[in-house]
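Taking it in order: structure first as structure tokens, then the write-up.
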Amino acid sequence: MDQDAIGLLESHLDDKNFKKLIAIDNPRVHDFVANYIDICRPASVFVCTDEKKDIDYIRKSAWRNREEAPLSMPNHTIHFDNYKDQARDKDNTKFLLPESYNIGPEINAMNRERGLKEVHKILHRMMKGREMYVRFFSLGPTNSPFTIPCLQLTDSAYVAHSEDILYRQAYDEFVKNGKNREIFRFVHSQGRLQEAGLDLMVSRDLKKRRVYIDLMENTIFSTNTQYAGNTVGMKKLALRLAINKASKEGWLAEHMLLMGVGDTQEKMTYFAGAFPSACGKTSTATLAGDTIVGDDIALLRKINGSIMGVNMERGIFGILPGINASDDKSQWNALNSDAEIIFSNILVTDKNEPYWDGKSDTWPSKGINHSGDWFDGKLDDMGRKIPPAHKNARFCMALENMENVDPNLHNPDGVKVSGIIYGGRDSDTFVPVEEAFDWIHGVITKAAALESETTAATLGKRGVRKFNPMSNIDFLSVPIGTYIKNHIDFAKDMPDAPRIFSVNYFLKDMSGKYLNHKSDKKIWVRWMDKRVNNEVKAIRTPTGLIPYYDDLVPIFENFFPDITYTEDEYINQFTVRIPQHLAKIKRTLKMYAARILYTPEELFDVLEDQKERLEDARDRYGNYVSPFKF
Ligand code: OXD
Ligand code: MN
């Protein structure tokens, strides 16, 4: 044990908190906490154990520090972020790497020494006058082959409170197994604050907003921001560290939901699903009638010949706009219960209730939001209309509050994954659902070639088509080619590899009208379930295996008895759009050839073969081919 670190802790922590910290017999924990007390100079330090009274202290601190305020429903609170801090900041999120490490041009990185120096300068005395919260969590269930212990330091009680809701507490796990374990570490400070609506305080120095990732030391720094996607250590910050670890050790850390599909627990088939942010991942994971294990991040390992998956988290940081009573029943019911929920960046109505876009047919004409008192027509400093709630307004809630939470949420062995779904925001190319021919074909054509149109979950322009392999590009911490190779190798020799599917909820017709209804995802999920269980056959097209019309009709009838699913709808949805597919392959090949490091040869072969099949079909049937032709 480093005596200097212990001395520093002893002089800065009161007796109770000092004892809590040294009960963990791990010098890496002591050194880290001591080092960042020395740099950030908090006025006090609170070490949070897994005990209820400690967790209550955090919750109350969020009110006391004016980071959250109560709403009308017991256990509901509101948090605001600065208007310009309500999404992930990709430009200022960077990997700190030594000069010798080339991660490729698609991943934002900078010189490690320079980055460390810069962020330490920003952190200097940054917690002055504030309390530092010291937290211990586990990624994945505790006591499991998936467990990764994490240590978080933050001066934001809102961040610490969100983490209680979203992650598994692990102070006891640290005390039991702390000694030589590798840990992920996070330091966050919200920086100087300014007032927003309801007297809540928001980060002010956004120019010094940084999210820096030091892969060499498994440490992440986050400064001058509160938005959870930039600050909550165990979420996207930890995903980046986990991807690096997984790549070295031959397993997968993915931007994926995990769900159980089936009518009874005995007949449950589990799917993992990767979607870019704000593209239907949570609404798929929470489909009423199916069960949810996780809505955002999954860890997958090969164990005894099967692919097993766990949710890295235990809660949802979900997007609110669009959630309503009829389309999202299980989320709606949970949001209207007295479960503990932190709402962020919504409008607070004059009844002190949360309001978000699409919650009901009518908008309130006034209320309070991040801009203070809000009224319809209020303008921001650029003269733009301020909407009542942000497009990326969120809720933070433990999964146990969902009526369809899966009983295996905390199973240390995970669930057996039989299918993997890839979905993007694609208005013109992919059919609503399609199965890959095999593992490698799926990894390449559905995952490595994935593109998606940008959304409000990140700062910047929306609706721009972007290359987004595995829906994970924002979080990749290894060269993209290395990451893809790891995927290919993960299950390529498994006789029982999970089936791979693509879904597209955003396909439009030529006039720009959506071809899917929001609730249709239920149908596509059930068809995939039938495929995995060999209950239906499929039509072979140049790009994969698609449903027979006659197999979809009974699924529609079962779920939506009042609607007739017509042959015309089926043809519009499942017509193979050859020019769009060929253009996509061309873009993808160009991208991999020009900009991606270490692209595996298989990628070029699989895409060239797909191109040939499409060209043959075009010669035979023309550009747009009805599914009835195959
Ligand atoms: C999220 C995201 O919050 O991906 O899940 O942005
Ligand atoms: Mn996400």
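Just so we're on the same page: first chain in the structure tokens is A, next is B, and so on; residues restart at 1 for each chain, and ligands are numbered from 1 in the order they show up.
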
Please identify all protein, DNA and RNA residues within 12 Å of ligand 1, counting only C-alpha atoms and all ligand atoms, and report them as a short mmCIF file (atom, residue, chain, number, x, y, z; two decimals) with C-alpha atoms, in the first residue's frame.
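Listed below is the output, result-v9.cif:
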data_model
loop_
_atom_site.label_atom_id
_atom_site.label_comp_id
_atom_site.auth_asym_id
_atom_site.auth_seq_id
_atom_site.Cartn_x
_atom_site.Cartn_y
_atom_site.Cartn_z
CA GLN A 86 -28.21 17.42 -24.29
CA ALA A 87 -26.53 14.78 -26.44
CA ARG A 88 -23.21 12.98 -26.79
CA ASP A 89 -20.38 15.26 -27.84
CA LYS A 90 -18.55 13.22 -30.48
CA LEU A 166 -28.63 1.96 -14.09
CA TYR A 227 -25.47 14.81 -20.16
CA ALA A 228 -25.45 11.17 -19.05
CA GLY A 229 -24.09 9.87 -22.37
CA ASN A 230 -20.94 11.95 -21.69
CA THR A 231 -20.73 11.47 -17.93
CA VAL A 232 -22.19 8.24 -16.57
CA MET A 234 -20.49 2.72 -16.80
CA LYS A 235 -22.50 3.52 -19.95
CA LYS A 236 -20.86 4.49 -23.21
CA LEU A 237 -17.58 5.38 -21.51
CA LEU A 239 -18.41 0.32 -23.42
CA GLU A 254 -21.76 -4.56 -28.18
CA HIS A 255 -24.24 -1.71 -28.53
CA MET A 256 -27.02 -4.29 -28.31
CA LEU A 257 -30.36 -4.99 -26.68
CA ALA A 274 -27.61 -3.68 -32.45
CA PHE A 275 -29.19 -0.39 -33.50
CA PRO A 276 -27.65 3.09 -33.62
CA SER A 277 -28.92 5.50 -30.96
CA ALA A 278 -32.55 6.57 -31.40
CA CYS A 279 -33.34 3.96 -34.07
CA GLY A 280 -35.85 1.73 -32.27
CA LYS A 281 -33.58 -0.30 -30.00
CA THR A 282 -35.36 0.43 -26.73
CA GLY A 294 -31.36 -5.15 -21.68
CA ASP A 295 -31.95 -2.25 -24.03
CA ASP A 296 -28.50 -0.86 -24.78
CA ILE A 297 -25.29 -2.78 -24.10
CA ALA A 298 -24.66 -6.52 -24.15
CA GLU A 313 -26.39 -2.56 -17.20
CA GLY A 315 -31.57 0.01 -16.12
CA ILE A 316 -32.76 2.08 -19.06
CA PHE A 317 -31.62 5.55 -20.06
CA GLY A 318 -34.40 5.71 -22.59
CA ILE A 319 -35.53 8.24 -25.17
CA LEU A 320 -38.94 9.76 -24.38
CA ASN A 392 -33.33 13.65 -26.92
CA ALA A 393 -35.32 14.00 -23.65
CA ARG A 394 -34.70 10.88 -21.56
CA PHE A 395 -35.77 8.82 -18.59
CA CYS A 396 -33.55 6.84 -16.29
CA THR A 454 -27.93 10.55 -37.88
CA THR A 455 -30.33 11.39 -35.00
CA ALA A 456 -30.73 13.73 -32.02
CA ALA A 457 -28.73 11.43 -29.73
CA THR A 458 -25.53 13.11 -30.89
CA LEU A 459 -24.77 16.79 -31.42
CA SER A 471 -24.10 0.34 -34.84
CA ASN A 472 -21.05 0.71 -32.69
CA ILE A 473 -18.84 3.20 -34.54
CA ASP A 474 -19.15 5.89 -31.85
CA PHE A 475 -17.67 3.56 -29.27
#

Item to check | Non-local contacts of Asp520 (chain A) (12 Å; only C-alpha atoms; under 2 positions in same chain excluded) as a VMD selection string | outcome: chain A and resid 280 283 to 284 287 327 432 to 433 503 to 506 514 to 518 522 to 527 552 555 to 557 559 to 560 563 565 573

As a check of understanding: the span from CA of Glu535 (chain A) to CA of Ser330 (chain A) is 27.7 Å

Which polymer residues have any atom within 9 Å of an atom of Leu96 (chain A), counting only C-alpha atoms, with same-chain residues fewer than 5 positions away left out, as a tab-separated table (two decimals) with all heavy atoms, in the first residue's frame?
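Contents of selection28.tsv, as written:
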chain	number	residue	atom	x	y	z
A	109	ALA	N	-8.94	10.35	-32.16
A	109	ALA	CA	-7.88	10.08	-31.19
A	109	ALA	C	-6.90	11.24	-31.15
A	109	ALA	O	-6.85	12.05	-32.08
A	109	ALA	CB	-7.14	8.80	-31.58
A	110	MET	N	-6.15	11.34	-30.06
A	110	MET	CA	-5.09	12.36	-30.00
A	110	MET	C	-3.92	11.81	-29.20
A	110	MET	O	-4.01	10.75	-28.57
A	110	MET	CB	-5.62	13.65	-29.35
A	110	MET	CG	-5.85	13.54	-27.86
A	110	MET	SD	-6.52	15.07	-27.14
A	110	MET	CE	-5.09	16.13	-27.15
A	111	ASN	N	-2.84	12.55	-29.22
A	111	ASN	CA	-1.64	12.13	-28.52
A	111	ASN	C	-1.91	12.00	-27.02
A	111	ASN	O	-2.45	12.91	-26.40
A	111	ASN	CB	-0.54	13.16	-28.78
A	111	ASN	CG	0.69	12.85	-27.98
A	111	ASN	OD1	0.79	13.22	-26.82
A	111	ASN	ND2	1.61	12.13	-28.61
A	112	ARG	N	-1.50	10.87	-26.48
A	112	ARG	CA	-1.87	10.57	-25.08
A	112	ARG	C	-1.29	11.58	-24.11
A	112	ARG	O	-1.99	12.10	-23.24
A	112	ARG	CB	-1.38	9.16	-24.75
A	112	ARG	CG	-1.65	8.74	-23.33
A	112	ARG	CD	-1.44	7.25	-23.14
A	112	ARG	NE	-1.80	6.88	-21.78
A	112	ARG	CZ	-0.93	6.71	-20.80
A	112	ARG	NH1	0.36	6.87	-21.03
A	112	ARG	NH2	-1.34	6.39	-19.59
A	113	GLU	N	-0.03	11.86	-24.26
A	113	GLU	CA	0.59	12.76	-23.27
A	113	GLU	C	-0.05	14.14	-23.29
A	113	GLU	O	-0.34	14.74	-22.27
A	113	GLU	CB	2.08	12.90	-23.58
A	113	GLU	CG	2.90	12.03	-22.67
A	113	GLU	CD	4.33	11.97	-23.14
A	113	GLU	OE1	4.94	13.02	-23.37
A	113	GLU	OE2	4.80	10.82	-23.34
A	114	ARG	N	-0.32	14.61	-24.52
A	114	ARG	CA	-0.92	15.94	-24.66
A	114	ARG	C	-2.33	15.95	-24.04
A	114	ARG	O	-2.70	16.87	-23.32
A	114	ARG	CB	-0.98	16.31	-26.14
A	114	ARG	CG	-0.94	17.79	-26.39
A	114	ARG	CD	-0.41	18.14	-27.79
A	114	ARG	NE	-0.78	17.23	-28.86
A	114	ARG	CZ	-1.94	17.26	-29.53
A	114	ARG	NH1	-2.85	18.14	-29.25
A	114	ARG	NH2	-2.17	16.40	-30.50
A	115	GLY	N	-3.07	14.89	-24.32
A	115	GLY	CA	-4.44	14.80	-23.81
A	115	GLY	C	-4.47	14.72	-22.29
A	115	GLY	O	-5.28	15.38	-21.63
A	116	LEU	N	-3.56	13.91	-21.73
A	116	LEU	CA	-3.54	13.78	-20.27
A	116	LEU	C	-3.20	15.12	-19.62
A	116	LEU	O	-3.78	15.51	-18.62
A	116	LEU	CB	-2.51	12.71	-19.85
A	116	LEU	CG	-2.92	11.26	-20.11
A	116	LEU	CD1	-1.77	10.30	-19.76
A	116	LEU	CD2	-4.17	10.87	-19.32
A	212	TYR	N	-12.22	12.11	-22.47
A	212	TYR	CA	-10.95	11.55	-22.93
A	212	TYR	C	-10.78	10.14	-22.36
A	212	TYR	O	-10.99	9.90	-21.17
A	212	TYR	CB	-9.78	12.44	-22.47
A	212	TYR	CG	-9.59	13.69	-23.32
A	212	TYR	CD1	-10.42	13.99	-24.41
A	212	TYR	CD2	-8.55	14.59	-23.04
A	212	TYR	CE1	-10.23	15.12	-25.18
A	212	TYR	CE2	-8.35	15.73	-23.81
A	212	TYR	CZ	-9.20	15.99	-24.87
A	212	TYR	OH	-9.01	17.12	-25.63
A	213	ILE	N	-10.37	9.27	-23.26
A	213	ILE	CA	-10.31	7.85	-22.90
A	213	ILE	C	-8.87	7.38	-22.97
A	213	ILE	O	-8.26	7.38	-24.03
A	213	ILE	CB	-11.16	7.03	-23.91
A	213	ILE	CG1	-12.59	7.55	-23.90
A	213	ILE	CG2	-11.13	5.54	-23.59
A	213	ILE	CD1	-13.15	7.78	-25.26
A	214	ASP	N	-8.35	6.98	-21.82
A	214	ASP	CA	-6.98	6.50	-21.76
A	214	ASP	C	-7.00	4.97	-21.74
A	214	ASP	O	-7.16	4.34	-20.69
A	214	ASP	CB	-6.32	7.05	-20.48
A	214	ASP	CG	-4.88	6.58	-20.36
A	214	ASP	OD1	-4.34	6.01	-21.34
A	214	ASP	OD2	-4.30	6.79	-19.28
A	215	LEU	N	-6.85	4.37	-22.94
A	215	LEU	CA	-6.95	2.91	-23.04
A	215	LEU	C	-5.82	2.20	-22.31
A	215	LEU	O	-5.97	1.07	-21.85
A	215	LEU	CB	-6.89	2.48	-24.51
A	215	LEU	CG	-8.11	2.75	-25.38
A	215	LEU	CD1	-7.87	2.22	-26.78
A	215	LEU	CD2	-9.35	2.12	-24.78
A	216	MET	N	-4.67	2.88	-22.22
A	216	MET	CA	-3.50	2.24	-21.61
A	216	MET	C	-3.76	1.96	-20.12
A	216	MET	O	-3.25	1.03	-19.56
A	216	MET	CB	-2.25	3.13	-21.71
A	216	MET	CG	-1.95	3.62	-23.11
A	216	MET	SD	-1.64	2.27	-24.24
A	216	MET	CE	-2.84	2.57	-25.52

- Item | Spatial neighbours of Ser371 (chain A), 10 Å, only C-alpha atoms, chain gap at least 5 places, as a list in words |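 The contact residues come out as Phe80, Asn82, Tyr83, Glu195, Ala196, Gly197, Leu198, Asn345, Leu347, Lys378, Leu379, Asp380, Ile386 and Pro388 of chain A.
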
*asked:* I need the residue nearest ligand 2 from this list: A:Ile444, A:Leu335, A:Met312, A:Val29. Use only C-alpha atoms and all ligand atoms for the distance.
replied: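 Closest candidate: A:Met312.
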
query: Using only C-alpha atoms, which residues sit within 10 Å of Ile341 (chain A) once same-chain residues fewer than 3 positions away are excluded, as a VMD selection string?
result: chain A and resid 71 73 to 78 162 165 316 to 317 334 to 338 344 395 to 398 401

Please save N, CA and C atoms of the selected residues as an mmCIF file, in the first residue's frame.
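Generated output (out_20.cif):
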data_model
loop_
_atom_site.group_PDB
_atom_site.id
_atom_site.type_symbol
_atom_site.label_atom_id
_atom_site.label_comp_id
_atom_site.auth_asym_id
_atom_site.auth_seq_id
_atom_site.Cartn_x
_atom_site.Cartn_y
_atom_site.Cartn_z
ATOM 1 N N LEU A 71 -40.905 15.894 -8.991
ATOM 2 C CA LEU A 71 -42.112 16.090 -9.810
ATOM 3 C C LEU A 71 -43.319 15.650 -8.981
ATOM 4 N N MET A 73 -45.363 13.092 -9.079
ATOM 5 C CA MET A 73 -45.439 11.668 -8.692
ATOM 6 C C MET A 73 -44.302 11.350 -7.716
ATOM 7 N N PRO A 74 -44.588 10.652 -6.603
ATOM 8 C CA PRO A 74 -43.489 10.311 -5.688
ATOM 9 C C PRO A 74 -42.403 9.535 -6.442
ATOM 10 N N ASN A 75 -41.170 9.758 -6.102
ATOM 11 C CA ASN A 75 -39.997 9.086 -6.709
ATOM 12 C C ASN A 75 -39.637 9.564 -8.111
ATOM 13 N N HIS A 76 -40.392 10.511 -8.661
ATOM 14 C CA HIS A 76 -40.019 11.058 -9.970
ATOM 15 C C HIS A 76 -39.273 12.379 -9.755
ATOM 16 N N THR A 77 -38.159 12.538 -10.466
ATOM 17 C CA THR A 77 -37.466 13.832 -10.402
ATOM 18 C C THR A 77 -37.135 14.311 -11.814
ATOM 19 N N ILE A 78 -36.817 15.599 -11.896
ATOM 20 C CA ILE A 78 -36.418 16.192 -13.167
ATOM 21 C C ILE A 78 -34.980 16.674 -13.051
ATOM 22 N N SER A 162 -27.943 8.513 -11.011
ATOM 23 C CA SER A 162 -28.303 7.781 -12.239
ATOM 24 C C SER A 162 -27.612 6.415 -12.244
ATOM 25 N N ILE A 165 -29.308 3.727 -10.366
ATOM 26 C CA ILE A 165 -30.498 3.191 -11.034
ATOM 27 C C ILE A 165 -30.090 2.279 -12.191
ATOM 28 N N ILE A 316 -32.586 1.467 -17.738
ATOM 29 C CA ILE A 316 -32.765 2.076 -19.061
ATOM 30 C C ILE A 316 -32.515 3.568 -18.954
ATOM 31 N N PHE A 317 -31.715 4.104 -19.864
ATOM 32 C CA PHE A 317 -31.624 5.554 -20.056
ATOM 33 C C PHE A 317 -32.309 5.774 -21.398
ATOM 34 N N ALA A 334 -44.708 1.756 -17.023
ATOM 35 C CA ALA A 334 -43.639 1.992 -16.043
ATOM 36 C C ALA A 334 -43.470 3.492 -15.795
ATOM 37 N N LEU A 335 -43.554 4.285 -16.871
ATOM 38 C CA LEU A 335 -43.358 5.736 -16.721
ATOM 39 C C LEU A 335 -44.475 6.383 -15.922
ATOM 40 N N ASN A 336 -45.630 5.732 -15.898
ATOM 41 C CA ASN A 336 -46.752 6.286 -15.148
ATOM 42 C C ASN A 336 -46.926 5.622 -13.783
ATOM 43 N N SER A 337 -45.945 4.833 -13.383
ATOM 44 C CA SER A 337 -46.001 4.215 -12.050
ATOM 45 C C SER A 337 -45.172 5.068 -11.092
ATOM 46 N N ASP A 338 -45.153 4.679 -9.817
ATOM 47 C CA ASP A 338 -44.339 5.473 -8.893
ATOM 48 C C ASP A 338 -42.923 4.913 -8.753
ATOM 49 N N SER A 344 -35.091 13.666 -17.866
ATOM 50 C CA SER A 344 -34.203 14.780 -18.196
ATOM 51 C C SER A 344 -34.659 15.480 -19.474
ATOM 52 N N PHE A 395 -35.419 9.263 -19.948
ATOM 53 C CA PHE A 395 -35.767 8.824 -18.593
ATOM 54 C C PHE A 395 -34.749 7.793 -18.158
ATOM 55 N N CYS A 396 -34.528 7.758 -16.849
ATOM 56 C CA CYS A 396 -33.550 6.839 -16.288
ATOM 57 C C CYS A 396 -34.274 6.006 -15.242
ATOM 58 N N MET A 397 -34.320 4.688 -15.458
ATOM 59 C CA MET A 397 -35.175 3.843 -14.601
ATOM 60 C C MET A 397 -34.614 2.420 -14.526
ATOM 61 N N ALA A 398 -34.725 1.784 -13.375
ATOM 62 C CA ALA A 398 -34.253 0.395 -13.260
ATOM 63 C C ALA A 398 -35.197 -0.528 -14.035
ATOM 64 N N ASN A 401 -38.626 -2.294 -12.990
ATOM 65 C CA ASN A 401 -39.935 -1.631 -13.010
ATOM 66 C C ASN A 401 -40.754 -1.933 -14.257
#

Selection near Asn468 (chain A), 7 Å with only C-alpha atoms, sequence-local residues under 5 positions removed, as a list of chain:residue names:
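In the requested format, the answer is A:Leu450, A:Glu451, A:Ser452, A:Ile473.
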
For N, CA, C and O atoms, I'd like the residues from the last selection saved as a PDB file, in the first residue's frame.
ATOM      1  N   LEU A 450     -23.203  -1.778 -42.175  1.00  0.00           N
ATOM      2  CA  LEU A 450     -24.364  -1.003 -41.700  1.00  0.00           C
ATOM      3  C   LEU A 450     -24.144   0.503 -41.873  1.00  0.00           C
ATOM      4  O   LEU A 450     -23.062   1.016 -41.604  1.00  0.00           O
ATOM      5  N   GLU A 451     -25.197   1.138 -42.346  1.00  0.00           N
ATOM      6  CA  GLU A 451     -25.188   2.608 -42.441  1.00  0.00           C
ATOM      7  C   GLU A 451     -26.456   3.091 -41.760  1.00  0.00           C
ATOM      8  O   GLU A 451     -27.452   2.378 -41.707  1.00  0.00           O
ATOM      9  N   SER A 452     -26.429   4.318 -41.268  1.00  0.00           N
ATOM     10  CA  SER A 452     -27.625   4.834 -40.620  1.00  0.00           C
ATOM     11  C   SER A 452     -27.652   6.344 -40.728  1.00  0.00           C
ATOM     12  O   SER A 452     -26.603   6.984 -40.785  1.00  0.00           O
ATOM     13  N   ILE A 473     -20.002   2.386 -34.122  1.00  0.00           N
ATOM     14  CA  ILE A 473     -18.841   3.197 -34.541  1.00  0.00           C
ATOM     15  C   ILE A 473     -18.460   4.241 -33.483  1.00  0.00           C
ATOM     16  O   ILE A 473     -17.284   4.516 -33.277  1.00  0.00           O
TER      17      ILE A 473
END

Counting only C-alpha atoms, the residue among A:Val553, A:Ile440, A:Val348, A:Ile107 that lies closest to Tyr570 (chain A) is A:Val553

Neighbouring residues of Ala253 (chain A) were defined as those with any atom within 6 Å, considering only C-alpha atoms; residues of the same chain fewer than 3 positions away were excluded. Please report them as a PDB file with N, CA, C and O atoms, in the first residue's frame.
ATOM      1  N   ALA A 242     -14.584  -1.672 -22.628  1.00  0.00           N
ATOM      2  CA  ALA A 242     -14.952  -3.092 -22.733  1.00  0.00           C
ATOM      3  C   ALA A 242     -14.673  -3.628 -24.143  1.00  0.00           C
ATOM      4  O   ALA A 242     -14.259  -4.776 -24.306  1.00  0.00           O
ATOM      5  N   ILE A 243     -14.881  -2.808 -25.166  1.00  0.00           N
ATOM      6  CA  ILE A 243     -14.624  -3.271 -26.540  1.00  0.00           C
ATOM      7  C   ILE A 243     -13.134  -3.592 -26.701  1.00  0.00           C
ATOM      8  O   ILE A 243     -12.749  -4.597 -27.299  1.00  0.00           O
ATOM      9  N   LEU A 299     -22.868  -7.906 -23.331  1.00  0.00           N
ATOM     10  CA  LEU A 299     -21.572  -8.574 -23.388  1.00  0.00           C
ATOM     11  C   LEU A 299     -21.850 -10.012 -23.813  1.00  0.00           C
ATOM     12  O   LEU A 299     -22.738 -10.657 -23.254  1.00  0.00           O
TER      13      LEU A 299
END

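The two atoms in question, CA of Lys590 (chain A) and CA of Gly273 (chain A), are spaced 26.4 Å apart.
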
Checklist entry - So, counting only C-alpha atoms, which residue among A:Ile539, A:Ile578, A:Ala325, A:Ala34 is closest to Phe628 (chain A)? => result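 Smallest distance to Phe628 (chain A) is found for A:Ile539.
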